[in-house]
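Peer 1: My structure is stored as work-v1.cif, with mmCIF, C-alpha atoms.
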```cif
data_model
loop_
_atom_site.label_atom_id
_atom_site.label_comp_id
_atom_site.auth_asym_id
_atom_site.auth_seq_id
_atom_site.Cartn_x
_atom_site.Cartn_y
_atom_site.Cartn_z
CA MET A 1345 -1.07 -2.78 -21.55
CA SER A 1346 1.88 -3.50 -19.32
CA PRO A 1347 1.69 -4.53 -15.68
CA SER A 1348 2.08 -2.12 -12.77
CA HIS A 1349 4.31 -2.69 -9.77
CA LEU A 1350 4.50 -1.32 -6.23
CA LEU A 1351 6.30 -2.04 -2.98
CA ALA A 1352 4.25 -2.39 0.17
CA LEU A 1353 3.93 -3.43 3.79
CA ARG A 1354 1.22 -6.00 4.51
CA PRO A 1355 -0.88 -6.19 7.69
CA PRO A 1356 -1.01 -9.40 9.71
CA PRO A 1357 -3.70 -12.01 8.90
CA ASP A 1358 -6.20 -10.78 11.52
CA ILE A 1359 -6.21 -7.20 10.21
CA GLU A 1360 -6.16 -8.39 6.61
CA ALA A 1361 -9.22 -10.56 7.31
CA ARG A 1362 -11.11 -7.59 8.78
CA VAL A 1363 -10.32 -5.43 5.74
CA VAL A 1364 -11.25 -8.20 3.28
CA ALA A 1365 -14.52 -8.86 5.18
CA PHE A 1366 -15.39 -5.14 5.04
CA ARG A 1367 -14.70 -4.99 1.30
CA GLU A 1368 -16.72 -8.15 0.62
CA ALA A 1369 -19.65 -6.97 2.75
CA HIS A 1370 -19.85 -3.80 0.64
CA GLY A 1371 -19.16 -5.37 -2.75
CA VAL A 1372 -15.84 -3.54 -3.21
CA ARG A 1373 -13.78 -4.96 -6.08
CA ASP A 1374 -10.78 -2.92 -7.15
CA ALA A 1375 -6.98 -2.90 -7.39
CA ALA A 1376 -6.60 -2.83 -3.58
CA ALA A 1377 -8.07 -6.34 -3.15
CA VAL A 1378 -5.01 -7.49 -1.17
CA PRO A 1379 -4.67 -5.15 1.85
CA HIS A 1380 -1.38 -3.27 1.91
CA VAL A 1381 0.31 0.02 2.77
CA THR A 1382 2.21 1.26 -0.28
CA VAL A 1383 5.73 2.47 0.47
CA LYS A 1384 6.78 2.88 -3.18
CA ALA A 1385 4.28 3.55 -5.95
CA ARG A 1386 4.87 2.53 -9.55
CA SER A 1387 7.09 5.47 -10.62
CA GLY A 1388 10.52 4.02 -11.41
CA LEU A 1389 9.29 0.43 -11.07
CA ASP A 1390 9.58 -0.41 -14.76
CA ASP A 1391 8.78 -3.66 -16.52
CA ASP A 1392 12.48 -4.39 -17.11
CA LEU A 1393 12.59 -5.29 -13.39
CA ARG A 1394 16.23 -4.13 -13.00
CA TRP A 1395 15.07 -2.20 -9.94
CA LEU A 1396 14.46 -5.51 -8.17
CA GLU A 1397 18.22 -5.90 -7.69
CA LEU A 1398 18.21 -2.85 -5.39
CA ILE A 1399 15.36 -3.91 -3.12
CA PRO A 1400 17.07 -6.60 -0.97
CA ALA A 1401 19.71 -4.12 0.28
CA VAL A 1402 17.07 -1.54 1.22
CA ALA A 1403 15.01 -4.19 3.03
CA ALA A 1404 18.07 -5.54 4.85
CA ALA A 1405 19.02 -2.04 6.04
CA THR A 1406 15.48 -1.30 7.31
CA PRO A 1407 14.29 -2.50 10.71
CA PRO A 1408 10.72 -3.84 11.06
CA VAL A 1409 8.20 -1.00 10.66
CA PRO A 1410 5.59 -0.23 13.35
CA LEU A 1411 2.28 1.11 11.98
CA GLU A 1412 -0.88 2.44 13.60
CA LEU A 1413 -3.96 2.46 11.37
CA LEU A 1414 -6.19 5.37 12.38
CA ALA A 1415 -9.87 6.25 11.85
CA PRO A 1416 -11.14 5.96 8.26
CA ARG A 1417 -10.99 8.98 5.95
CA VAL A 1418 -11.63 9.87 2.31
CA PHE A 1419 -8.96 11.72 0.35
CA PRO A 1420 -10.18 15.26 -0.49
CA ASN A 1421 -10.05 14.46 -4.22
CA GLY A 1422 -12.34 11.45 -3.67
CA SER A 1423 -9.75 8.96 -4.94
CA ALA A 1424 -10.01 6.54 -2.01
CA LEU A 1425 -11.48 5.60 1.34
CA TYR A 1426 -8.57 4.63 3.56
CA LEU A 1427 -7.14 4.04 7.00
CA PRO A 1428 -4.29 6.53 7.56
CA ALA A 1429 -1.14 4.79 8.78
CA ARG A 1430 0.79 6.73 11.39
CA SER A 1431 4.29 5.42 10.80
CA PRO A 1432 7.52 7.41 10.67
CA GLY A 1433 9.22 4.11 9.80
CA ALA A 1434 7.08 3.66 6.68
CA VAL A 1435 8.02 7.18 5.53
CA ARG A 1436 11.72 6.45 6.21
CA LEU A 1437 11.46 3.24 4.17
CA HIS A 1438 9.73 5.16 1.37
CA LEU A 1439 12.54 7.74 1.32
CA ALA A 1440 15.19 4.98 1.34
CA LEU A 1441 13.49 3.38 -1.66
CA LEU A 1442 13.42 6.71 -3.51
CA ASP A 1443 17.13 7.19 -2.75
CA ALA A 1444 17.99 3.69 -3.98
CA LEU A 1445 15.82 3.71 -7.11
CA HIS A 1446 16.32 7.32 -8.27
CA PRO A 1447 13.11 7.30 -10.34
CA ALA A 1448 13.31 9.64 -13.33
CA ARG A 1449 9.84 10.87 -12.44
CA ARG A 1450 8.08 10.91 -9.07
CA PHE A 1451 4.41 11.29 -8.25
CA GLY A 1452 3.48 14.48 -6.40
CA TYR A 1453 2.54 12.53 -3.29
CA GLU A 1454 5.96 10.85 -3.07
CA GLY A 1455 8.66 12.22 -0.79
CA PRO A 1456 8.80 13.26 2.88
CA HIS A 1457 5.13 14.37 2.78
CA LEU A 1458 3.91 10.84 1.85
CA THR A 1459 0.61 9.84 3.49
CA PRO A 1460 0.99 6.13 4.27
CA HIS A 1461 -2.42 4.46 4.22
CA LEU A 1462 -4.30 1.23 3.75
CA THR A 1463 -6.96 1.60 1.05
CA LEU A 1464 -10.41 0.25 1.88
CA ALA A 1465 -12.02 1.26 -1.45
CA LEU A 1466 -10.97 3.23 -4.51
CA GLY A 1467 -13.21 6.04 -5.73
CA ARG A 1468 -15.05 5.04 -8.90
CA ARG A 1469 -18.26 6.05 -10.61
CA ASP A 1470 -20.12 3.07 -9.15
CA VAL A 1471 -18.86 3.57 -5.56
CA THR A 1472 -20.23 6.11 -3.06
CA LEU A 1473 -17.32 6.67 -0.69
CA ASP A 1474 -19.32 8.83 1.74
CA ALA A 1475 -21.73 5.96 2.45
CA LEU A 1476 -18.80 3.58 2.76
CA LEU A 1477 -17.06 6.01 5.14
CA ASP A 1478 -19.91 5.66 7.64
CA ALA A 1479 -19.72 1.87 7.39
CA ALA A 1480 -15.93 1.96 7.76
CA ARG A 1481 -16.22 4.06 10.93
CA GLN A 1482 -18.44 1.31 12.36
CA ALA A 1483 -16.12 -1.49 11.21
CA PHE A 1484 -12.87 0.17 12.33
CA PRO A 1485 -13.76 2.20 15.46
CA HIS A 1486 -10.37 1.86 17.14
CA PRO A 1487 -6.82 2.23 15.87
CA LEU A 1488 -5.17 -1.01 14.75
CA THR A 1489 -1.47 -1.52 15.36
CA PHE A 1490 1.05 -3.94 13.91
CA THR A 1491 4.69 -4.20 12.99
CA ALA A 1492 5.48 -5.05 9.37
CA THR A 1493 8.39 -7.46 9.05
CA GLU A 1494 8.50 -7.80 5.25
CA LEU A 1495 8.72 -5.54 2.23
CA VAL A 1496 6.47 -6.97 -0.50
CA TRP A 1497 6.64 -6.55 -4.29
CA MET A 1498 3.09 -6.42 -5.63
CA ARG A 1499 2.11 -6.61 -9.30
CA LYS A 1500 -1.09 -5.70 -11.15
CA PRO A 1501 -1.09 -7.58 -14.48
CA VAL A 1502 -3.48 -5.28 -16.39
CA PRO A 1503 -5.42 -2.04 -15.86
CA GLY A 1504 -8.53 -2.83 -13.85
CA GLY A 1505 -6.83 -5.83 -12.24
CA ALA A 1506 -5.80 -6.22 -8.62
CA TYR A 1507 -2.34 -5.97 -7.12
CA ARG A 1508 -1.08 -9.36 -5.91
CA PRO A 1509 2.05 -10.22 -3.91
CA VAL A 1510 4.93 -11.63 -5.96
CA GLN A 1511 7.97 -11.65 -3.68
CA SER A 1512 8.94 -10.43 -0.23
CA TRP A 1513 12.08 -9.53 1.70
CA THR A 1514 12.47 -9.67 5.45
CA LEU A 1515 13.08 -6.22 6.90
CA GLY A 1516 16.47 -6.24 8.58
CA GLY A 1517 17.30 -9.58 6.97
CA ALA A 1518 17.40 -11.80 3.86
CA ALA A 1519 14.74 -12.65 1.25
CA ALA A 1520 11.58 -14.18 2.76
CA THR A 1521 9.99 -15.73 -0.35
#
```
The structure in this file should be written as structure tokens.
Peer 2:
Amino acid sequence: MSPSHLLALRPPPDIEARVVAFREAHGVRDAAAVPHVTVKARSGLDDDLRWLELIPAVAAATPPVPLELLAPRVFPNGSALYLPARSPGAVRLHLALLDALHPARRFGYEGPHLTPHLTLALGRRDVTLDALLDAARQAFPHPLTFTATELVWMRKPVPGGAYRPVQSWTLGGAAAT
């Protein structure tokens, strides 16, 4: 199987540590191991990596993105427990990426109606999201705010693996790493 790619905004170390601690305390092991807010899912992010050439210009044209992570929720279809991210800037970045990449196919959740979010746990047969939701409400009782300063390329090497950061670009500037 081929790898999967996405583009994301990462929280600062203090918020990341809280999310990782929550996941570890509840034995959560899934593709969202590295906390992130996806701004471009895998559609159009093919293994040929030609799309990477377009990313620096989008990042350079995008100012840093403020985000407010709200109270935990579960998607109605049970796919994930997450912290909604209130962020018009994240949606604008998402739309700019769609415009630049022109993916042949888009997921139904892509576009102006995107729900930016930070996944706490993915829904799987061995995970009870309702029980985790109560624990998440205790762990994240107040909104968390931060400003993302980098756009990050994340790669999942195989199905069942976890997304890991590969490269990043400073928002409003040049390549970071």
Peer 1: At a cut-off of 8 Å, using all atoms listed in the file, what residues contact Gly1505 of chain A? Leave out same-chain residues fewer than 3 positions from it and give the result as a list in words.
Peer 2: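 Counting all atoms listed in the file, the residues come to Asp1374, Ala1375, Lys1500, Pro1501 and Val1502 of chain A.
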Peer 1: Applied to this file, what does the PyMOL selection byres ((chain A and resi 1477-1482) around 8) return in terms of residues, put as number ranges by chain?
Peer 2: A: 1366, 1415-1418, 1425, 1473-1476, 1483-1485
Peer 1: Output, as JSON, the centre and edge lengths in Å (one decimal) of the axis-aligned box that contains all listed atoms of segment 1380-1391 of chain A with 8 Å of margin on each side.
Peer 2:
```
{"center_x": 4.6, "center_y": 0.9, "center_z": -6.9, "size_x": 27.9, "size_y": 25.1, "size_z": 35.3}
```
Peer 1: Quick one: apply the PyMOL selection byres ((chain A and resi 1514) around 12) to the file and drop the selected residues here as number ranges by chain.
Peer 2: A: 1353-1354, 1399-1409, 1492-1497, 1511-1513, 1515-1521
Peer 1: Run the PyMOL selection byres ((chain A and resi 1427-1433) around 8) on the file and write out the hits as number ranges by chain.
Peer 2: A: 1381, 1409-1417, 1425-1426, 1434-1437, 1459-1464
Peer 1: Take the residues that were just selected and, keeping C-alpha atoms, output them as a PDB file, keeping the file's coordinate frame.
Peer 2:
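After the write, result-v6.pdb holds the following:
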```pdb
ATOM      1  CA  VAL A1381       0.310   0.020   2.770  1.00  0.00           C
ATOM      2  CA  VAL A1409       8.200  -1.000  10.660  1.00  0.00           C
ATOM      3  CA  PRO A1410       5.590  -0.230  13.350  1.00  0.00           C
ATOM      4  CA  LEU A1411       2.280   1.110  11.980  1.00  0.00           C
ATOM      5  CA  GLU A1412      -0.880   2.440  13.600  1.00  0.00           C
ATOM      6  CA  LEU A1413      -3.960   2.460  11.370  1.00  0.00           C
ATOM      7  CA  LEU A1414      -6.190   5.370  12.380  1.00  0.00           C
ATOM      8  CA  ALA A1415      -9.870   6.250  11.850  1.00  0.00           C
ATOM      9  CA  PRO A1416     -11.140   5.960   8.260  1.00  0.00           C
ATOM     10  CA  ARG A1417     -10.990   8.980   5.950  1.00  0.00           C
ATOM     11  CA  LEU A1425     -11.480   5.600   1.340  1.00  0.00           C
ATOM     12  CA  TYR A1426      -8.570   4.630   3.560  1.00  0.00           C
ATOM     13  CA  ALA A1434       7.080   3.660   6.680  1.00  0.00           C
ATOM     14  CA  VAL A1435       8.020   7.180   5.530  1.00  0.00           C
ATOM     15  CA  ARG A1436      11.720   6.450   6.210  1.00  0.00           C
ATOM     16  CA  LEU A1437      11.460   3.240   4.170  1.00  0.00           C
ATOM     17  CA  THR A1459       0.610   9.840   3.490  1.00  0.00           C
ATOM     18  CA  PRO A1460       0.990   6.130   4.270  1.00  0.00           C
ATOM     19  CA  HIS A1461      -2.420   4.460   4.220  1.00  0.00           C
ATOM     20  CA  LEU A1462      -4.300   1.230   3.750  1.00  0.00           C
ATOM     21  CA  THR A1463      -6.960   1.600   1.050  1.00  0.00           C
ATOM     22  CA  LEU A1464     -10.410   0.250   1.880  1.00  0.00           C
TER      23      LEU A1464
END
```
Peer 1: Report, in Å with one decimal, the straight-line distance from atom CA of Leu1350 of chain A to atom CA of Val1383 of chain A.
Peer 2: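 Between atom CA of Leu1350 of chain A and atom CA of Val1383 of chain A the gap works out to 7.8 Å.
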